[in-house]
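This is run34.pdb. It holds PDB, C-alpha atoms.
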ATOM      1  CA  CYS A1421      77.797 -38.197-107.593  1.00  0.00           C
ATOM      2  CA  GLN A1422      76.032 -40.850-105.559  1.00  0.00           C
ATOM      3  CA  SER A1423      78.161 -43.422-103.757  1.00  0.00           C
ATOM      4  CA  MET A1424      77.400 -47.112-103.908  1.00  0.00           C
ATOM      5  CA  GLU A1425      77.041 -49.156-100.693  1.00  0.00           C
ATOM      6  CA  LEU A1426      79.663 -51.868-101.009  1.00  0.00           C
ATOM      7  CA  GLY A1427      78.890 -53.659 -97.751  1.00  0.00           C
ATOM      8  CA  LEU A1428      82.308 -52.930 -96.269  1.00  0.00           C
ATOM      9  CA  LYS A1429      81.271 -50.808 -93.289  1.00  0.00           C
ATOM     10  CA  GLY A1430      82.622 -52.364 -90.102  1.00  0.00           C
ATOM     11  CA  LYS A1431      84.812 -54.890 -91.941  1.00  0.00           C
ATOM     12  CA  VAL A1432      88.514 -55.159 -91.086  1.00  0.00           C
ATOM     13  CA  ALA A1433      91.084 -54.947 -93.863  1.00  0.00           C
ATOM     14  CA  LEU A1434      94.794 -55.658 -93.674  1.00  0.00           C
ATOM     15  CA  VAL A1435      96.639 -53.811 -96.448  1.00  0.00           C
ATOM     16  CA  THR A1436     100.360 -54.474 -96.794  1.00  0.00           C
ATOM     17  CA  ALA A1437     103.037 -52.055 -97.986  1.00  0.00           C
ATOM     18  CA  SER A1438     100.540 -49.283 -97.386  1.00  0.00           C
ATOM     19  CA  SER A1439     102.430 -46.192 -96.260  1.00  0.00           C
ATOM     20  CA  LYS A1440     102.586 -44.895 -99.850  1.00  0.00           C
ATOM     21  CA  GLY A1441     101.653 -45.666-103.425  1.00  0.00           C
ATOM     22  CA  LEU A1442      99.071 -48.273-104.359  1.00  0.00           C
ATOM     23  CA  GLY A1443      98.833 -49.748-100.852  1.00  0.00           C
ATOM     24  CA  LYS A1444      98.057 -46.336 -99.387  1.00  0.00           C
ATOM     25  CA  ALA A1445      95.433 -45.673-102.069  1.00  0.00           C
ATOM     26  CA  VAL A1446      93.755 -49.028-101.357  1.00  0.00           C
ATOM     27  CA  ALA A1447      93.795 -48.384 -97.593  1.00  0.00           C
ATOM     28  CA  PHE A1448      92.222 -44.949 -98.194  1.00  0.00           C
ATOM     29  CA  GLY A1449      89.551 -46.418-100.456  1.00  0.00           C
ATOM     30  CA  LEU A1450      88.614 -49.078 -97.933  1.00  0.00           C
ATOM     31  CA  ALA A1451      88.602 -46.559 -95.086  1.00  0.00           C
ATOM     32  CA  ARG A1452      86.261 -44.288 -97.061  1.00  0.00           C
ATOM     33  CA  GLU A1453      83.849 -47.238 -97.226  1.00  0.00           C
ATOM     34  CA  GLY A1454      83.870 -47.528 -93.424  1.00  0.00           C
ATOM     35  CA  THR A1455      86.347 -50.379 -93.220  1.00  0.00           C
ATOM     36  CA  LYS A1456      88.705 -50.503 -90.239  1.00  0.00           C
ATOM     37  CA  VAL A1457      92.176 -50.596 -91.754  1.00  0.00           C
ATOM     38  CA  VAL A1458      95.448 -52.141 -90.645  1.00  0.00           C
ATOM     39  CA  ILE A1459      98.378 -50.709 -92.555  1.00  0.00           C
ATOM     40  CA  CYS A1460     101.989 -51.794 -92.516  1.00  0.00           C
ATOM     41  CA  ALA A1461     105.366 -50.767 -93.857  1.00  0.00           C
ATOM     42  CA  ARG A1462     108.972 -50.805 -92.703  1.00  0.00           C
ATOM     43  CA  ASN A1463     109.271 -47.035 -92.274  1.00  0.00           C
ATOM     44  CA  LYS A1464     107.754 -46.087 -88.898  1.00  0.00           C
ATOM     45  CA  HIS A1465     107.586 -42.356 -89.643  1.00  0.00           C
ATOM     46  CA  ALA A1466     105.885 -42.733 -93.033  1.00  0.00           C
ATOM     47  CA  LEU A1467     103.495 -45.313 -91.586  1.00  0.00           C
ATOM     48  CA  LYS A1468     102.504 -43.051 -88.691  1.00  0.00           C
ATOM     49  CA  ASN A1469     101.893 -40.136 -91.065  1.00  0.00           C
ATOM     50  CA  THR A1470      99.764 -42.265 -93.375  1.00  0.00           C
ATOM     51  CA  ALA A1471      97.718 -43.632 -90.464  1.00  0.00           C
ATOM     52  CA  GLU A1472      97.021 -40.098 -89.209  1.00  0.00           C
ATOM     53  CA  GLU A1473      96.138 -38.918 -92.706  1.00  0.00           C
ATOM     54  CA  ILE A1474      93.671 -41.764 -93.280  1.00  0.00           C
ATOM     55  CA  GLN A1475      92.114 -41.357 -89.828  1.00  0.00           C
ATOM     56  CA  ASN A1476      91.771 -37.581 -90.157  1.00  0.00           C
ATOM     57  CA  GLN A1477      90.224 -37.724 -93.636  1.00  0.00           C
ATOM     58  CA  THR A1478      87.911 -40.710 -93.153  1.00  0.00           C
ATOM     59  CA  GLY A1479      87.212 -40.953 -89.427  1.00  0.00           C
ATOM     60  CA  THR A1480      87.790 -44.697 -89.490  1.00  0.00           C
ATOM     61  CA  GLU A1481      90.015 -46.671 -87.142  1.00  0.00           C
ATOM     62  CA  VAL A1482      93.522 -47.258 -88.458  1.00  0.00           C
ATOM     63  CA  LEU A1483      96.123 -49.515 -86.896  1.00  0.00           C
ATOM     64  CA  PRO A1484      99.682 -48.915 -88.166  1.00  0.00           C
ATOM     65  CA  VAL A1485     102.089 -51.825 -87.606  1.00  0.00           C
ATOM     66  CA  VAL A1486     105.763 -51.561 -88.546  1.00  0.00           C
ATOM     67  CA  THR A1487     106.426 -54.749 -90.517  1.00  0.00           C
ATOM     68  CA  ASP A1488     109.155 -56.229 -92.682  1.00  0.00           C
ATOM     69  CA  LEU A1489     107.238 -58.566 -94.999  1.00  0.00           C
ATOM     70  CA  THR A1490     110.349 -60.667 -95.625  1.00  0.00           C
ATOM     71  CA  LYS A1491     110.310 -61.867 -92.000  1.00  0.00           C
ATOM     72  CA  ALA A1492     107.974 -64.693 -90.932  1.00  0.00           C
ATOM     73  CA  LYS A1493     107.855 -63.509 -87.306  1.00  0.00           C
ATOM     74  CA  ALA A1494     106.927 -59.998 -88.411  1.00  0.00           C
ATOM     75  CA  ILE A1495     104.002 -61.322 -90.456  1.00  0.00           C
ATOM     76  CA  LYS A1496     102.778 -63.429 -87.521  1.00  0.00           C
ATOM     77  CA  LYS A1497     103.000 -60.342 -85.274  1.00  0.00           C
ATOM     78  CA  LEU A1498     101.114 -58.236 -87.833  1.00  0.00           C
ATOM     79  CA  VAL A1499      98.213 -60.687 -87.970  1.00  0.00           C
ATOM     80  CA  LYS A1500      98.168 -61.183 -84.179  1.00  0.00           C
ATOM     81  CA  GLU A1501      98.051 -57.409 -83.624  1.00  0.00           C
ATOM     82  CA  THR A1502      95.195 -57.146 -86.117  1.00  0.00           C
ATOM     83  CA  ILE A1503      93.212 -59.824 -84.286  1.00  0.00           C
ATOM     84  CA  LYS A1504      94.061 -58.341 -80.875  1.00  0.00           C
ATOM     85  CA  SER A1505      92.863 -54.883 -81.945  1.00  0.00           C
ATOM     86  CA  PHE A1506      89.836 -55.752 -84.088  1.00  0.00           C
ATOM     87  CA  GLY A1507      89.002 -59.396 -83.372  1.00  0.00           C
ATOM     88  CA  ARG A1508      88.861 -60.375 -87.037  1.00  0.00           C
ATOM     89  CA  ILE A1509      90.330 -60.008 -90.522  1.00  0.00           C
ATOM     90  CA  ASP A1510      87.832 -59.786 -93.351  1.00  0.00           C
ATOM     91  CA  ILE A1511      90.015 -58.565 -96.203  1.00  0.00           C
ATOM     92  CA  LEU A1512      93.677 -59.149 -96.966  1.00  0.00           C
ATOM     93  CA  PHE A1513      95.206 -56.997 -99.690  1.00  0.00           C
ATOM     94  CA  THR A1514      98.739 -58.192-100.429  1.00  0.00           C
ATOM     95  CA  ASN A1515     101.109 -55.692-101.937  1.00  0.00           C
ATOM     96  CA  THR A1516     104.877 -55.249-101.908  1.00  0.00           C
ATOM     97  CA  GLY A1517     107.423 -52.975-103.395  1.00  0.00           C
ATOM     98  CA  GLY A1518     109.314 -54.367-106.327  1.00  0.00           C
ATOM     99  CA  PRO A1519     112.746 -55.948-106.410  1.00  0.00           C
ATOM    100  CA  PRO A1520     115.533 -54.077-108.179  1.00  0.00           C
ATOM    101  CA  PRO A1521     115.546 -53.873-111.966  1.00  0.00           C
ATOM    102  CA  GLY A1522     118.154 -55.743-113.967  1.00  0.00           C
ATOM    103  CA  THR A1523     118.747 -58.502-116.440  1.00  0.00           C
ATOM    104  CA  PHE A1524     119.016 -62.221-115.770  1.00  0.00           C
ATOM    105  CA  MET A1525     122.823 -62.459-115.701  1.00  0.00           C
ATOM    106  CA  GLU A1526     123.152 -59.536-113.275  1.00  0.00           C
ATOM    107  CA  PHE A1527     121.497 -61.323-110.342  1.00  0.00           C
ATOM    108  CA  SER A1528     123.035 -63.723-107.841  1.00  0.00           C
ATOM    109  CA  ASP A1529     121.285 -66.476-105.920  1.00  0.00           C
ATOM    110  CA  ASP A1530     121.093 -64.061-102.982  1.00  0.00           C
ATOM    111  CA  ASP A1531     119.269 -61.496-105.143  1.00  0.00           C
ATOM    112  CA  TRP A1532     116.791 -64.171-106.238  1.00  0.00           C
ATOM    113  CA  GLN A1533     116.285 -65.325-102.644  1.00  0.00           C
ATOM    114  CA  LYS A1534     115.569 -61.781-101.421  1.00  0.00           C
ATOM    115  CA  ALA A1535     113.104 -61.194-104.255  1.00  0.00           C
ATOM    116  CA  PHE A1536     111.429 -64.573-103.569  1.00  0.00           C
ATOM    117  CA  GLU A1537     110.993 -63.698 -99.878  1.00  0.00           C
ATOM    118  CA  LEU A1538     109.568 -60.273-100.694  1.00  0.00           C
ATOM    119  CA  ILE A1539     107.238 -61.068-103.573  1.00  0.00           C
ATOM    120  CA  LEU A1540     106.101 -64.669-103.164  1.00  0.00           C
ATOM    121  CA  LEU A1541     106.942 -66.003 -99.711  1.00  0.00           C
ATOM    122  CA  SER A1542     105.444 -62.939 -97.985  1.00  0.00           C
ATOM    123  CA  VAL A1543     102.128 -63.663 -99.735  1.00  0.00           C
ATOM    124  CA  VAL A1544     102.305 -67.349 -98.794  1.00  0.00           C
ATOM    125  CA  ARG A1545     102.937 -66.436 -95.153  1.00  0.00           C
ATOM    126  CA  LEU A1546     100.202 -63.792 -95.056  1.00  0.00           C
ATOM    127  CA  CYS A1547      97.646 -66.185 -96.523  1.00  0.00           C
ATOM    128  CA  ARG A1548      98.692 -68.964 -94.155  1.00  0.00           C
ATOM    129  CA  GLU A1549      98.155 -66.638 -91.191  1.00  0.00           C
ATOM    130  CA  VAL A1550      94.805 -65.084 -92.196  1.00  0.00           C
ATOM    131  CA  ILE A1551      92.985 -68.024 -93.803  1.00  0.00           C
ATOM    132  CA  PRO A1552      92.218 -69.807 -90.499  1.00  0.00           C
ATOM    133  CA  TYR A1553      90.515 -66.635 -89.189  1.00  0.00           C
ATOM    134  CA  MET A1554      88.540 -66.222 -92.395  1.00  0.00           C
ATOM    135  CA  GLN A1555      87.495 -69.879 -92.293  1.00  0.00           C
ATOM    136  CA  GLN A1556      86.405 -69.520 -88.664  1.00  0.00           C
ATOM    137  CA  GLN A1557      84.354 -66.421 -89.593  1.00  0.00           C
ATOM    138  CA  LYS A1558      83.008 -68.217 -92.684  1.00  0.00           C
ATOM    139  CA  TRP A1559      83.835 -65.087 -94.680  1.00  0.00           C
ATOM    140  CA  GLY A1560      86.897 -63.406 -96.098  1.00  0.00           C
ATOM    141  CA  ARG A1561      88.460 -61.970 -99.204  1.00  0.00           C
ATOM    142  CA  ILE A1562      92.088 -62.106-100.315  1.00  0.00           C
ATOM    143  CA  ILE A1563      93.222 -59.765-103.059  1.00  0.00           C
ATOM    144  CA  HIS A1564      96.723 -59.814-104.519  1.00  0.00           C
ATOM    145  CA  SER A1565      98.326 -56.843-106.201  1.00  0.00           C
ATOM    146  CA  THR A1566     100.886 -57.981-108.738  1.00  0.00           C
ATOM    147  CA  SER A1567     101.912 -56.334-111.998  1.00  0.00           C
ATOM    148  CA  ILE A1568     101.038 -56.125-115.674  1.00  0.00           C
ATOM    149  CA  SER A1569     104.180 -58.247-116.056  1.00  0.00           C
ATOM    150  CA  VAL A1570     102.068 -61.337-115.323  1.00  0.00           C
ATOM    151  CA  LYS A1571     100.603 -60.867-118.808  1.00  0.00           C
ATOM    152  CA  GLN A1572     103.653 -59.525-120.613  1.00  0.00           C
ATOM    153  CA  PRO A1573     107.178 -59.460-119.141  1.00  0.00           C
ATOM    154  CA  LEU A1574     108.617 -55.992-118.647  1.00  0.00           C
ATOM    155  CA  GLU A1575     112.126 -55.234-119.803  1.00  0.00           C
ATOM    156  CA  HIS A1576     114.835 -55.332-117.106  1.00  0.00           C
ATOM    157  CA  LEU A1577     112.458 -56.745-114.460  1.00  0.00           C
ATOM    158  CA  VAL A1578     113.365 -60.441-114.527  1.00  0.00           C
ATOM    159  CA  LEU A1579     112.929 -60.903-110.763  1.00  0.00           C
ATOM    160  CA  SER A1580     109.495 -59.295-110.696  1.00  0.00           C
ATOM    161  CA  ASN A1581     108.399 -60.917-113.984  1.00  0.00           C
ATOM    162  CA  SER A1582     109.287 -64.384-112.701  1.00  0.00           C
ATOM    163  CA  LEU A1583     108.011 -64.251-109.141  1.00  0.00           C
ATOM    164  CA  ARG A1584     104.759 -62.345-109.584  1.00  0.00           C
ATOM    165  CA  LEU A1585     103.526 -65.206-111.775  1.00  0.00           C
ATOM    166  CA  GLY A1586     103.919 -67.399-108.689  1.00  0.00           C
ATOM    167  CA  VAL A1587     101.498 -65.141-106.802  1.00  0.00           C
ATOM    168  CA  ILE A1588      98.945 -65.624-109.577  1.00  0.00           C
ATOM    169  CA  GLY A1589      99.421 -69.405-109.469  1.00  0.00           C
ATOM    170  CA  LEU A1590      98.976 -69.358-105.687  1.00  0.00           C
ATOM    171  CA  SER A1591      95.866 -67.211-105.978  1.00  0.00           C
ATOM    172  CA  LYS A1592      94.220 -69.540-108.492  1.00  0.00           C
ATOM    173  CA  THR A1593      95.127 -72.586-106.423  1.00  0.00           C
ATOM    174  CA  LEU A1594      93.719 -71.073-103.227  1.00  0.00           C
ATOM    175  CA  ALA A1595      90.532 -70.095-105.059  1.00  0.00           C
ATOM    176  CA  ASN A1596      90.052 -73.745-106.042  1.00  0.00           C
ATOM    177  CA  GLU A1597      91.012 -75.141-102.612  1.00  0.00           C
ATOM    178  CA  LEU A1598      88.982 -72.720-100.520  1.00  0.00           C
TER     179      LEU A1598
END
Would you mind giving the structure from this file in structure tokens?
Amino acid sequence: CQSMELGLKGKVALVTASSKGLGKAVAFGLAREGTKVVICARNKHALKNTAEEIQNQTGTEVLPVVTDLTKAKAIKKLVKETIKSFGRIDILFTNTGGPPPGTFMEFSDDDWQKAFELILLSVVRLCREVIPYMQQQKWGRIIHSTSISVKQPLEHLVLSNSLRLGVIGLSKTLANEL
């Protein structure tokens, strides 16, 4: 099997929620293409293990940053550490875990607020932080991972179904603005 040159060698990618699952797979894929990868998660141990695994299997530079994506200061720190270490951000891949399952009447305002901060506001904050660097570089790509629920709502996932559509609306708006 012959690999295709994707033009990613030497680029810097920030992949959120990347100590496991889809985020980890994306970070691995980018690293295999020669991209320097910044990974983040809340669990320091899992993050460290993932960083070592990616580095050992791909030989690329990996920067693990413990980050709670629901905290504005943590997102600012994540981006600043990326710039400090690599001098640029070329690719942002936004990804989060999902909010808890349940039906509409089961959730309080607090549940909605927590889900909003995790799913939508984290993406807003990440974009706000990386876009100026991408504009300065005159190059950048932002990719949002959402859910099939943006096409068809999934049963018992009212928080995810509702808020992931906001990420799609933001993405389309930013595509037009930028």
Could you write out as number ranges by chain the residues that the PyMOL selection byres ((chain A and resi 1510) around 8) matches in the shown file?
-> A: 1431-1433, 1508-1509, 1511-1512, 1554, 1559-1561
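The closest residue to Ile1503 of chain A, picked from A:Gly1443, A:Gly1449, A:Gly1586, A:Pro1552 and counting only C-alpha atoms, is A:Pro1552.
Comparing A:Glu1501, A:Pro1521, A:Thr1470, A:Ile1495 by their smallest distance to Ser1542 of chain A, the closest is A:Ile1495 (using all atoms listed in the file).
Near Thr1487 of chain A, within 9 Å and counting only C-alpha atoms, sit Thr1436, Ala1437, Cys1460, Ala1461, Arg1462, Asn1463, Lys1464, Val1485, Leu1489, Thr1490, Lys1491, Ala1494, Ile1495, Lys1497 and Leu1498 of chain A; same-chain residues fewer than 2 positions away were not included.
What the PyMOL selection byres ((chain A and resi 1565) around 7) matches in the given file is Thr1514, Asn1515, Ile1563, His1564, Thr1566 and Ser1567 of chain A.
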Up to 12 Å from (86.8, -46.0, -91.2) in the file's coordinates: name the residues, counting all atoms listed in the file, as a ChimeraX atom specification.
-> /A:1428-1433,1447-1458,1471-1483
Exercise on segment 1570-1576 of chain A, axis-aligned box with 3 Å per side, report centre and edge lengths in Å to one decimal, as AutoDock Vina command-line options:
--center_x 107.7 --center_y -58.3 --center_z -118.0 --size_x 20.2 --size_y 12.1 --size_z 11.3
For segment 1573-1585 of chain A, which lacks atoms in the input, supply N, CA, C and O atoms and format the output as an mmCIF file, in the coordinates of the input.
data_model
loop_
_atom_site.group_PDB
_atom_site.id
_atom_site.type_symbol
_atom_site.label_atom_id
_atom_site.label_comp_id
_atom_site.auth_asym_id
_atom_site.auth_seq_id
_atom_site.Cartn_x
_atom_site.Cartn_y
_atom_site.Cartn_z
ATOM 1 N N PRO A 1573 105.978 -59.841 -119.888
ATOM 2 C CA PRO A 1573 107.178 -59.460 -119.141
ATOM 3 C C PRO A 1573 107.657 -58.050 -119.484
ATOM 4 O O PRO A 1573 107.591 -57.630 -120.645
ATOM 5 N N LEU A 1574 108.083 -57.340 -118.455
ATOM 6 C CA LEU A 1574 108.617 -55.992 -118.647
ATOM 7 C C LEU A 1574 110.135 -56.053 -118.726
ATOM 8 O O LEU A 1574 110.778 -56.822 -117.995
ATOM 9 N N GLU A 1575 110.688 -55.252 -119.585
ATOM 10 C CA GLU A 1575 112.126 -55.234 -119.803
ATOM 11 C C GLU A 1575 112.871 -54.867 -118.523
ATOM 12 O O GLU A 1575 112.455 -53.976 -117.786
ATOM 13 N N HIS A 1576 113.948 -55.574 -118.250
ATOM 14 C CA HIS A 1576 114.835 -55.332 -117.106
ATOM 15 C C HIS A 1576 114.181 -55.600 -115.749
ATOM 16 O O HIS A 1576 114.625 -55.087 -114.730
ATOM 17 N N LEU A 1577 113.122 -56.409 -115.731
ATOM 18 C CA LEU A 1577 112.458 -56.745 -114.460
ATOM 19 C C LEU A 1577 112.334 -58.266 -114.310
ATOM 20 O O LEU A 1577 111.275 -58.778 -113.951
ATOM 21 N N VAL A 1578 113.410 -58.982 -114.542
ATOM 22 C CA VAL A 1578 113.365 -60.441 -114.527
ATOM 23 C C VAL A 1578 112.914 -60.992 -113.179
ATOM 24 O O VAL A 1578 112.158 -61.963 -113.123
ATOM 25 N N LEU A 1579 113.333 -60.398 -112.076
ATOM 26 C CA LEU A 1579 112.929 -60.903 -110.763
ATOM 27 C C LEU A 1579 111.420 -60.749 -110.574
ATOM 28 O O LEU A 1579 110.722 -61.690 -110.203
ATOM 29 N N SER A 1580 110.923 -59.566 -110.833
ATOM 30 C CA SER A 1580 109.495 -59.295 -110.696
ATOM 31 C C SER A 1580 108.684 -60.130 -111.685
ATOM 32 O O SER A 1580 107.688 -60.759 -111.320
ATOM 33 N N ASN A 1581 109.113 -60.155 -112.949
ATOM 34 C CA ASN A 1581 108.399 -60.917 -113.984
ATOM 35 C C ASN A 1581 108.249 -62.378 -113.584
ATOM 36 O O ASN A 1581 107.191 -62.978 -113.772
ATOM 37 N N SER A 1582 109.277 -62.958 -113.038
ATOM 38 C CA SER A 1582 109.287 -64.384 -112.701
ATOM 39 C C SER A 1582 108.453 -64.690 -111.465
ATOM 40 O O SER A 1582 107.670 -65.636 -111.457
ATOM 41 N N LEU A 1583 108.613 -63.910 -110.430
ATOM 42 C CA LEU A 1583 108.011 -64.251 -109.141
ATOM 43 C C LEU A 1583 106.558 -63.820 -109.003
ATOM 44 O O LEU A 1583 105.783 -64.458 -108.294
ATOM 45 N N ARG A 1584 106.163 -62.772 -109.684
ATOM 46 C CA ARG A 1584 104.759 -62.345 -109.584
ATOM 47 C C ARG A 1584 103.820 -63.368 -110.228
ATOM 48 O O ARG A 1584 102.669 -63.494 -109.829
ATOM 49 N N LEU A 1585 104.330 -64.109 -111.204
ATOM 50 C CA LEU A 1585 103.526 -65.206 -111.775
ATOM 51 C C LEU A 1585 103.224 -66.268 -110.715
ATOM 52 O O LEU A 1585 102.162 -66.892 -110.735
#
